[in-house]
Every structure is written in structure tokens, then in C-alpha cells.
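Below is one structure, written out as C-alpha cells; comments come after it.
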Amino acid sequence: MQKPFTIHTNGPGLYEFTDDIRGWLSGQGDGLLTLFVRHTSASLLIQENADPEVQVDLQNFFHRLVPPTSDPSMSYLTHTYEGPDDMPAYIKAAMMPVSLNIPVSAGQIVLGTWQGIYLFEHRNAPHRRQVVAHFMPG
């Protein structure tokens, strides 16, 4: 069973889509859920979903770790013609997962109390990102 999910982004940040996955899996049994983002400048994360400051801090950390190519510390990069956020987005996506495997029990994703599933957008412009979900009954 597969389903594509479209996530609309408005620039860098974490976009939670846990409830979309829960709704899709409703009524299923036990198995394994695989999620895969179909883009080279976005990532997937399972992360804290109770305090929004966590998402802000994560975004700020990765921005500081991999700043735009307009930052003097990034002058060594050669791929710059798609904008100052493009190559840093590829680097961030190379550092973070682009797929996740999550156990499913009685049709419920097995996450911790404060965990949510996020698309981490690394580009500045709004995008329509696709995440493909695959559920394999077990």
C-alpha cells in the first residue's frame, strides 16, 4: 500500500505531517511504514512536537552550521547559480535522513509521546514537496 503526500512549505522550517500519516494508516494492522522524500533539498525527521522552540532551535542550528553561499565562510562552494540557499540545502539534506522506517501496531504509528514526523524544508522559497509513504503489513 503506497500513498504520496504533498506538503506545502513557505521557506525553511519543520513542517509536521504526523496526523496525515495517522489518518492514512487508520484501520490497518501491524507492519512497517517507510517514508521517503522525493527531493534533494529537504529531509525527514522524527522530532519533538510539544514545544515549537525545538523546531526553531533546530532550524537555527543547521542554518548556522551550513549558512548560505553568500556567507564568506562558504566561499569554497562552486554550485551557486541556483541561489545562495541551494547548495547549503543539498548539504543539509545529505546530513539528515531522506527516508524513515516506523513500526506500526494495530494501525497506529509507534512514536513516543512527544514525537512527530516532519519534513524539514531547507530552501527559502515556497515549495510543494512530495513524501511517498509505503506500508508493508507484517
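Residue numbers start at 1 in each chain; chains themselves are named A, B, ... in the order of the C-alpha cells; ligands are numbered from 1 in the order shown.
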- [ ] Please provide as a ChimeraX atom specification all residues within 7 Å of region 113-121 of chain A, with the sequence filter that same-chain residues fewer than 3 positions apart are discarded (counting only C-alpha atoms).
- [x] /A:9,11-18,42-50
Task: Shortest interatomic distance to Leu100 (chain A) - which of A:Val66, A:Val132, A:Ala125, A:Val56, counting only C-alpha atoms - done: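 Residue with the minimum atom-to-atom distance to Leu100 (chain A): A:Val132.
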Open item on the list: I want to know what sits within 6 Å of region 83-95 of chain A, based on only C-alpha atoms, with residues of the same chain fewer than 3 positions away left out; could you give that as a list in words?
Closed with: Thr40, Ser41, Ala42, Ser43, Val66, Pro68, Thr69, Ser70, Thr80, His122 and Arg123 of chain A
Among the residues of chain A, find those DSSP assigns to strand (DSSP E) from the backbone and print them as a compact mmCIF listing (two decimals) with all heavy atoms, in the first residue's frame.
```
# COMPACT_ATOMS: atom_id res chain seq x y z
N GLN A 2 0.72 2.10 -0.99
CA GLN A 2 1.52 3.32 -1.10
C GLN A 2 0.62 4.53 -1.28
O GLN A 2 -0.47 4.43 -1.84
CB GLN A 2 2.47 3.25 -2.29
CG GLN A 2 3.58 2.28 -2.12
CD GLN A 2 4.59 2.37 -3.26
OE1 GLN A 2 4.45 3.15 -4.17
NE2 GLN A 2 5.61 1.55 -3.17
N LYS A 3 1.14 5.68 -0.82
CA LYS A 3 0.41 6.93 -0.99
C LYS A 3 1.41 8.08 -0.99
O LYS A 3 2.26 8.17 -0.13
CB LYS A 3 -0.60 7.14 0.13
CG LYS A 3 -1.33 8.48 0.02
CD LYS A 3 -2.39 8.61 1.07
CE LYS A 3 -3.06 9.97 1.06
NZ LYS A 3 -3.68 10.37 -0.18
N PRO A 4 1.28 8.99 -1.98
CA PRO A 4 2.09 10.20 -1.94
C PRO A 4 1.38 11.28 -1.10
O PRO A 4 0.16 11.40 -1.16
CB PRO A 4 2.18 10.62 -3.40
CG PRO A 4 0.95 10.07 -4.03
CD PRO A 4 0.59 8.83 -3.25
N PHE A 5 2.14 11.98 -0.31
CA PHE A 5 1.63 13.11 0.46
C PHE A 5 2.31 14.37 -0.06
O PHE A 5 3.53 14.38 -0.25
CB PHE A 5 1.95 12.96 1.95
CG PHE A 5 1.14 11.89 2.63
CD1 PHE A 5 1.58 10.58 2.64
CD2 PHE A 5 -0.06 12.19 3.24
CE1 PHE A 5 0.85 9.59 3.26
CE2 PHE A 5 -0.81 11.21 3.86
CZ PHE A 5 -0.35 9.90 3.86
N THR A 6 1.53 15.43 -0.28
CA THR A 6 2.10 16.70 -0.71
C THR A 6 2.12 17.64 0.49
O THR A 6 1.10 17.82 1.17
CB THR A 6 1.26 17.33 -1.84
OG1 THR A 6 1.25 16.41 -2.95
CG2 THR A 6 1.85 18.65 -2.29
N ILE A 7 3.30 18.19 0.74
CA ILE A 7 3.48 19.11 1.86
C ILE A 7 3.87 20.46 1.28
O ILE A 7 4.89 20.58 0.59
CB ILE A 7 4.53 18.57 2.84
CG1 ILE A 7 4.07 17.23 3.38
CG2 ILE A 7 4.79 19.57 3.96
CD1 ILE A 7 5.13 16.38 3.98
N HIS A 8 3.06 21.47 1.56
CA HIS A 8 3.32 22.83 1.08
C HIS A 8 4.20 23.54 2.11
O HIS A 8 3.85 23.57 3.30
CB HIS A 8 2.02 23.59 0.89
CG HIS A 8 1.13 22.97 -0.15
ND1 HIS A 8 1.21 23.31 -1.47
CD2 HIS A 8 0.18 22.01 -0.05
CE1 HIS A 8 0.33 22.60 -2.15
NE2 HIS A 8 -0.30 21.79 -1.31
N THR A 9 5.31 24.09 1.66
CA THR A 9 6.22 24.78 2.56
C THR A 9 6.25 26.27 2.20
O THR A 9 5.96 26.65 1.07
CB THR A 9 7.63 24.20 2.49
OG1 THR A 9 8.20 24.46 1.21
CG2 THR A 9 7.63 22.70 2.77
N ASN A 10 6.63 27.08 3.16
CA ASN A 10 6.74 28.52 2.97
C ASN A 10 8.13 29.00 3.35
O ASN A 10 8.28 30.03 3.99
CB ASN A 10 5.69 29.26 3.82
CG ASN A 10 4.30 28.98 3.35
OD1 ASN A 10 4.02 29.07 2.16
ND2 ASN A 10 3.42 28.60 4.26
N GLY A 13 12.17 25.46 7.48
CA GLY A 13 11.49 25.10 8.71
C GLY A 13 11.04 23.67 8.72
O GLY A 13 11.19 22.94 7.74
N LEU A 14 10.48 23.27 9.85
CA LEU A 14 9.97 21.92 10.03
C LEU A 14 8.45 21.95 9.90
O LEU A 14 7.79 22.76 10.55
CB LEU A 14 10.39 21.36 11.39
CG LEU A 14 11.86 20.96 11.46
CD1 LEU A 14 12.71 22.09 12.01
CD2 LEU A 14 12.04 19.72 12.27
N TYR A 15 7.94 21.07 9.07
CA TYR A 15 6.51 21.00 8.78
C TYR A 15 6.00 19.63 9.21
O TYR A 15 6.33 18.63 8.59
CB TYR A 15 6.26 21.23 7.29
CG TYR A 15 6.66 22.62 6.84
CD1 TYR A 15 7.98 22.92 6.51
CD2 TYR A 15 5.71 23.64 6.76
CE1 TYR A 15 8.35 24.19 6.11
CE2 TYR A 15 6.08 24.92 6.35
CZ TYR A 15 7.40 25.19 6.04
OH TYR A 15 7.77 26.45 5.64
N GLU A 16 5.20 19.62 10.27
CA GLU A 16 4.72 18.35 10.80
C GLU A 16 3.57 17.80 9.96
O GLU A 16 2.67 18.54 9.56
CB GLU A 16 4.25 18.50 12.25
CG GLU A 16 3.91 17.15 12.87
CD GLU A 16 3.59 17.20 14.35
OE1 GLU A 16 3.48 18.31 14.91
OE2 GLU A 16 3.44 16.12 14.94
N GLY A 31 2.71 -3.65 11.06
CA GLY A 31 3.59 -3.63 9.90
C GLY A 31 4.68 -2.58 10.04
O GLY A 31 5.00 -2.14 11.14
N LEU A 32 5.20 -2.20 8.89
CA LEU A 32 6.29 -1.22 8.86
C LEU A 32 5.93 -0.13 7.86
O LEU A 32 5.56 -0.41 6.71
CB LEU A 32 7.60 -1.90 8.44
CG LEU A 32 8.84 -1.01 8.43
CD1 LEU A 32 9.18 -0.53 9.85
CD2 LEU A 32 10.02 -1.76 7.83
N LEU A 33 6.08 1.11 8.29
CA LEU A 33 5.85 2.27 7.45
C LEU A 33 7.21 2.82 7.02
O LEU A 33 8.08 3.04 7.84
CB LEU A 33 5.09 3.35 8.23
CG LEU A 33 4.97 4.71 7.55
CD1 LEU A 33 4.08 4.62 6.31
CD2 LEU A 33 4.43 5.74 8.53
N THR A 34 7.36 3.03 5.72
CA THR A 34 8.54 3.69 5.18
C THR A 34 8.09 5.00 4.54
O THR A 34 7.11 5.02 3.80
CB THR A 34 9.25 2.82 4.13
OG1 THR A 34 9.67 1.60 4.76
CG2 THR A 34 10.47 3.52 3.55
N LEU A 35 8.79 6.07 4.87
CA LEU A 35 8.54 7.38 4.27
C LEU A 35 9.78 7.80 3.51
O LEU A 35 10.90 7.60 3.99
CB LEU A 35 8.22 8.42 5.35
CG LEU A 35 7.00 8.14 6.22
CD1 LEU A 35 6.93 9.15 7.36
CD2 LEU A 35 5.74 8.17 5.40
N PHE A 36 9.58 8.41 2.34
CA PHE A 36 10.70 8.84 1.50
C PHE A 36 10.36 10.19 0.88
O PHE A 36 9.30 10.33 0.26
CB PHE A 36 10.97 7.81 0.40
CG PHE A 36 12.04 8.22 -0.57
CD1 PHE A 36 13.38 8.16 -0.21
CD2 PHE A 36 11.70 8.68 -1.83
CE1 PHE A 36 14.36 8.56 -1.10
CE2 PHE A 36 12.69 9.07 -2.73
CZ PHE A 36 14.02 9.01 -2.36
N VAL A 37 11.24 11.18 1.05
CA VAL A 37 11.02 12.48 0.45
C VAL A 37 11.67 12.50 -0.93
O VAL A 37 12.82 12.08 -1.09
CB VAL A 37 11.54 13.64 1.34
CG1 VAL A 37 13.04 13.57 1.58
CG2 VAL A 37 11.15 15.00 0.76
N ALA A 42 15.43 18.74 0.85
CA ALA A 42 14.57 18.62 2.02
C ALA A 42 14.88 17.29 2.70
O ALA A 42 15.44 16.39 2.08
CB ALA A 42 13.09 18.69 1.62
N SER A 43 14.52 17.19 3.97
CA SER A 43 14.80 15.99 4.76
C SER A 43 13.55 15.57 5.53
O SER A 43 12.59 16.32 5.60
CB SER A 43 15.92 16.27 5.77
OG SER A 43 17.07 16.75 5.15
N LEU A 44 13.63 14.40 6.14
CA LEU A 44 12.58 13.92 7.03
C LEU A 44 13.17 13.72 8.42
O LEU A 44 14.30 13.24 8.56
CB LEU A 44 12.02 12.59 6.52
CG LEU A 44 11.29 12.63 5.19
CD1 LEU A 44 10.93 11.22 4.75
CD2 LEU A 44 10.05 13.50 5.27
N LEU A 45 12.39 14.05 9.43
CA LEU A 45 12.85 13.88 10.81
C LEU A 45 11.70 13.41 11.69
O LEU A 45 10.55 13.79 11.47
CB LEU A 45 13.36 15.20 11.39
CG LEU A 45 14.62 15.82 10.83
CD1 LEU A 45 14.89 17.15 11.51
CD2 LEU A 45 15.79 14.90 10.99
N ILE A 46 12.05 12.62 12.70
CA ILE A 46 11.16 12.38 13.82
C ILE A 46 11.72 13.23 14.93
O ILE A 46 12.90 13.12 15.28
CB ILE A 46 11.12 10.89 14.22
CG1 ILE A 46 10.50 10.07 13.09
CG2 ILE A 46 10.36 10.71 15.52
CD1 ILE A 46 10.53 8.58 13.31
N GLN A 47 10.88 14.12 15.46
CA GLN A 47 11.40 15.10 16.40
C GLN A 47 10.33 15.51 17.40
O GLN A 47 9.14 15.23 17.22
CB GLN A 47 11.90 16.32 15.60
CG GLN A 47 12.80 17.26 16.33
CD GLN A 47 13.90 16.58 17.07
OE1 GLN A 47 13.86 16.49 18.30
NE2 GLN A 47 14.91 16.08 16.38
N GLU A 48 10.75 16.18 18.44
CA GLU A 48 9.90 16.76 19.49
C GLU A 48 8.77 17.58 18.86
O GLU A 48 9.03 18.39 17.98
CB GLU A 48 10.78 17.64 20.36
CG GLU A 48 10.10 18.78 21.08
CD GLU A 48 9.47 18.37 22.37
OE1 GLU A 48 10.11 17.67 23.16
OE2 GLU A 48 8.31 18.76 22.59
N SER A 99 14.72 9.29 4.30
CA SER A 99 13.73 8.24 4.48
C SER A 99 13.68 7.85 5.95
O SER A 99 14.67 8.00 6.68
CB SER A 99 14.03 7.03 3.60
OG SER A 99 15.21 6.39 4.02
N LEU A 100 12.52 7.35 6.36
CA LEU A 100 12.31 6.90 7.73
C LEU A 100 11.57 5.58 7.71
O LEU A 100 10.72 5.35 6.84
CB LEU A 100 11.45 7.92 8.51
CG LEU A 100 11.96 9.34 8.65
CD1 LEU A 100 10.85 10.23 9.24
CD2 LEU A 100 13.20 9.39 9.52
N ASN A 101 11.87 4.72 8.68
CA ASN A 101 11.13 3.48 8.89
C ASN A 101 10.51 3.56 10.29
O ASN A 101 11.23 3.80 11.26
CB ASN A 101 12.04 2.25 8.80
CG ASN A 101 12.50 2.02 7.39
OD1 ASN A 101 11.70 1.99 6.47
ND2 ASN A 101 13.80 1.87 7.21
N ILE A 102 9.20 3.35 10.35
CA ILE A 102 8.49 3.49 11.62
C ILE A 102 7.59 2.27 11.81
O ILE A 102 6.79 1.94 10.91
CB ILE A 102 7.62 4.76 11.63
CG1 ILE A 102 8.49 6.00 11.31
CG2 ILE A 102 6.91 4.94 12.97
CD1 ILE A 102 7.69 7.24 10.99
N PRO A 103 7.69 1.58 12.95
CA PRO A 103 6.80 0.45 13.19
C PRO A 103 5.34 0.91 13.34
O PRO A 103 5.08 2.03 13.79
CB PRO A 103 7.32 -0.17 14.49
CG PRO A 103 8.29 0.79 15.05
CD PRO A 103 8.63 1.80 14.03
N VAL A 104 4.44 0.03 12.94
CA VAL A 104 3.00 0.29 13.05
C VAL A 104 2.40 -0.88 13.83
O VAL A 104 2.68 -2.04 13.53
CB VAL A 104 2.34 0.40 11.65
CG1 VAL A 104 0.84 0.54 11.78
CG2 VAL A 104 2.95 1.56 10.87
N SER A 105 1.61 -0.54 14.83
CA SER A 105 0.97 -1.56 15.66
C SER A 105 -0.53 -1.27 15.70
O SER A 105 -0.94 -0.18 16.12
CB SER A 105 1.55 -1.54 17.07
OG SER A 105 0.93 -2.50 17.89
N GLN A 108 -1.58 1.98 14.24
CA GLN A 108 -1.06 3.20 14.87
C GLN A 108 0.46 3.26 14.73
O GLN A 108 1.15 2.27 15.02
CB GLN A 108 -1.42 3.24 16.36
CG GLN A 108 -2.90 3.24 16.64
CD GLN A 108 -3.56 4.51 16.14
OE1 GLN A 108 -3.07 5.62 16.34
NE2 GLN A 108 -4.69 4.35 15.46
N ILE A 109 0.98 4.41 14.28
CA ILE A 109 2.43 4.54 14.22
C ILE A 109 2.98 4.52 15.64
O ILE A 109 2.39 5.11 16.54
CB ILE A 109 2.86 5.82 13.46
CG1 ILE A 109 2.07 7.04 13.90
CG2 ILE A 109 2.78 5.63 11.98
CD1 ILE A 109 2.47 8.33 13.21
N GLN A 115 6.80 12.80 20.11
CA GLN A 115 7.43 12.72 18.78
C GLN A 115 6.43 13.00 17.68
O GLN A 115 5.27 12.60 17.76
CB GLN A 115 8.05 11.34 18.56
CG GLN A 115 9.27 11.10 19.40
CD GLN A 115 9.87 9.73 19.12
OE1 GLN A 115 9.16 8.74 19.00
NE2 GLN A 115 11.19 9.69 19.03
N GLY A 116 6.91 13.68 16.65
CA GLY A 116 6.12 13.93 15.46
C GLY A 116 6.98 13.69 14.23
O GLY A 116 8.22 13.65 14.31
N ILE A 117 6.33 13.54 13.08
CA ILE A 117 7.03 13.33 11.81
C ILE A 117 7.04 14.65 11.05
O ILE A 117 5.98 15.28 10.87
CB ILE A 117 6.33 12.24 10.97
CG1 ILE A 117 6.22 10.94 11.77
CG2 ILE A 117 7.08 12.02 9.66
CD1 ILE A 117 5.30 9.91 11.13
N TYR A 118 8.23 15.05 10.63
CA TYR A 118 8.40 16.36 9.99
C TYR A 118 9.11 16.25 8.65
O TYR A 118 10.03 15.45 8.48
CB TYR A 118 9.27 17.27 10.87
CG TYR A 118 8.62 17.69 12.15
CD1 TYR A 118 8.73 16.91 13.30
CD2 TYR A 118 7.91 18.89 12.23
CE1 TYR A 118 8.14 17.30 14.49
CE2 TYR A 118 7.33 19.28 13.41
CZ TYR A 118 7.44 18.50 14.54
OH TYR A 118 6.86 18.88 15.71
N LEU A 119 8.70 17.12 7.74
CA LEU A 119 9.50 17.44 6.58
C LEU A 119 10.32 18.67 6.98
O LEU A 119 9.77 19.64 7.52
CB LEU A 119 8.63 17.78 5.37
CG LEU A 119 9.47 18.22 4.18
CD1 LEU A 119 9.41 17.20 3.07
CD2 LEU A 119 9.07 19.58 3.70
N PHE A 120 11.62 18.62 6.75
CA PHE A 120 12.50 19.74 7.06
C PHE A 120 12.85 20.41 5.73
O PHE A 120 13.62 19.87 4.94
CB PHE A 120 13.75 19.24 7.77
CG PHE A 120 14.55 20.31 8.50
CD1 PHE A 120 15.48 19.93 9.44
CD2 PHE A 120 14.39 21.65 8.24
CE1 PHE A 120 16.24 20.87 10.12
CE2 PHE A 120 15.13 22.61 8.91
CZ PHE A 120 16.07 22.22 9.87
N GLU A 121 12.23 21.55 5.49
CA GLU A 121 12.48 22.32 4.27
C GLU A 121 13.76 23.13 4.44
O GLU A 121 13.93 23.83 5.44
CB GLU A 121 11.30 23.27 3.99
CG GLU A 121 11.50 24.21 2.82
CD GLU A 121 11.63 23.48 1.51
OE1 GLU A 121 10.64 22.88 1.05
OE2 GLU A 121 12.74 23.51 0.92
N PRO A 126 8.84 29.05 -1.23
CA PRO A 126 7.80 28.04 -1.01
C PRO A 126 7.93 26.91 -2.02
O PRO A 126 8.32 27.13 -3.17
CB PRO A 126 6.49 28.82 -1.24
CG PRO A 126 6.85 30.25 -1.07
CD PRO A 126 8.27 30.38 -1.52
N HIS A 127 7.61 25.70 -1.57
CA HIS A 127 7.68 24.52 -2.43
C HIS A 127 6.50 23.61 -2.14
O HIS A 127 5.89 23.67 -1.07
CB HIS A 127 8.97 23.74 -2.19
CG HIS A 127 10.18 24.34 -2.79
ND1 HIS A 127 10.92 25.31 -2.16
CD2 HIS A 127 10.78 24.13 -3.98
CE1 HIS A 127 11.93 25.66 -2.93
NE2 HIS A 127 11.87 24.95 -4.04
N ARG A 128 6.23 22.72 -3.09
CA ARG A 128 5.30 21.61 -2.91
C ARG A 128 6.17 20.36 -2.86
O ARG A 128 6.67 19.93 -3.89
CB ARG A 128 4.30 21.54 -4.05
CG ARG A 128 3.33 22.71 -4.08
CD ARG A 128 2.38 22.64 -5.25
NE ARG A 128 1.49 21.51 -5.09
CZ ARG A 128 1.22 20.61 -6.05
NH1 ARG A 128 1.78 20.71 -7.23
NH2 ARG A 128 0.40 19.62 -5.83
N ARG A 129 6.35 19.81 -1.69
CA ARG A 129 7.21 18.64 -1.51
C ARG A 129 6.37 17.37 -1.49
O ARG A 129 5.27 17.35 -0.94
CB ARG A 129 8.00 18.75 -0.21
CG ARG A 129 8.88 19.98 -0.11
CD ARG A 129 9.90 20.03 -1.21
NE ARG A 129 10.94 21.01 -0.91
CZ ARG A 129 12.00 21.18 -1.66
NH1 ARG A 129 12.20 20.45 -2.74
NH2 ARG A 129 12.90 22.08 -1.34
N GLN A 130 6.92 16.32 -2.08
CA GLN A 130 6.23 15.03 -2.07
C GLN A 130 6.96 14.05 -1.16
O GLN A 130 8.19 13.90 -1.28
CB GLN A 130 6.15 14.46 -3.48
CG GLN A 130 5.07 15.07 -4.30
CD GLN A 130 4.30 14.02 -5.08
OE1 GLN A 130 4.83 12.97 -5.41
NE2 GLN A 130 3.06 14.31 -5.36
N VAL A 131 6.20 13.43 -0.29
CA VAL A 131 6.69 12.35 0.55
C VAL A 131 5.87 11.12 0.19
O VAL A 131 4.64 11.16 0.22
CB VAL A 131 6.55 12.67 2.05
CG1 VAL A 131 6.95 11.48 2.90
CG2 VAL A 131 7.36 13.91 2.41
N VAL A 132 6.55 10.05 -0.19
CA VAL A 132 5.87 8.81 -0.53
C VAL A 132 5.87 7.92 0.72
O VAL A 132 6.92 7.69 1.32
CB VAL A 132 6.56 8.09 -1.72
CG1 VAL A 132 5.88 6.76 -1.99
CG2 VAL A 132 6.53 8.98 -2.94
N ALA A 133 4.68 7.45 1.07
CA ALA A 133 4.52 6.53 2.19
C ALA A 133 4.26 5.14 1.65
O ALA A 133 3.49 4.96 0.71
CB ALA A 133 3.35 6.97 3.08
N HIS A 134 4.91 4.16 2.26
CA HIS A 134 4.72 2.76 1.88
C HIS A 134 4.46 1.97 3.18
O HIS A 134 5.30 1.98 4.07
CB HIS A 134 5.95 2.22 1.17
CG HIS A 134 5.85 0.78 0.81
ND1 HIS A 134 5.29 0.34 -0.37
CD2 HIS A 134 6.22 -0.33 1.49
CE1 HIS A 134 5.33 -0.97 -0.40
NE2 HIS A 134 5.89 -1.40 0.72
N PHE A 135 3.31 1.33 3.25
CA PHE A 135 3.00 0.50 4.40
C PHE A 135 3.08 -0.96 3.99
O PHE A 135 2.44 -1.37 3.03
CB PHE A 135 1.61 0.80 4.96
CG PHE A 135 1.21 -0.11 6.08
CD1 PHE A 135 1.85 -0.05 7.31
CD2 PHE A 135 0.21 -1.05 5.91
CE1 PHE A 135 1.50 -0.90 8.34
CE2 PHE A 135 -0.15 -1.90 6.93
CZ PHE A 135 0.51 -1.83 8.16
N MET A 136 3.88 -1.70 4.73
CA MET A 136 4.02 -3.14 4.48
C MET A 136 3.47 -3.89 5.70
O MET A 136 4.07 -3.84 6.78
CB MET A 136 5.47 -3.52 4.25
CG MET A 136 5.64 -4.99 3.89
SD MET A 136 7.36 -5.47 3.61
CE MET A 136 7.81 -4.37 2.28
N PRO A 137 2.31 -4.55 5.53
CA PRO A 137 1.77 -5.33 6.65
C PRO A 137 2.75 -6.42 7.07
O PRO A 137 3.47 -6.97 6.24
CB PRO A 137 0.50 -5.94 6.08
CG PRO A 137 0.19 -5.15 4.85
CD PRO A 137 1.49 -4.64 4.33
```
TODO: May I ask for the distance between CA of Ser75 (chain A) and CA of Asp57 (chain A), given in Å to one decimal place?
DONE: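 Between CA of Ser75 (chain A) and CA of Asp57 (chain A) the gap works out to 25.1 Å.
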- [ ] Based on DSSP run over this structure's backbone, return all residues of chain A in helix (DSSP H, G or I), as a PyMOL selection string.
- [x] chain A and resi 18-25+52-65+72-74+86-95
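Here CA of Leu25 (chain A) stands at a distance of 5.5 Å from CA of Gly107 (chain A).
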Task: Atom pair CA of Gly138 (chain A) / CA of Trp24 (chain A): separation (Å) - done: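 Computing it gives 17.0 Å between the two atoms.
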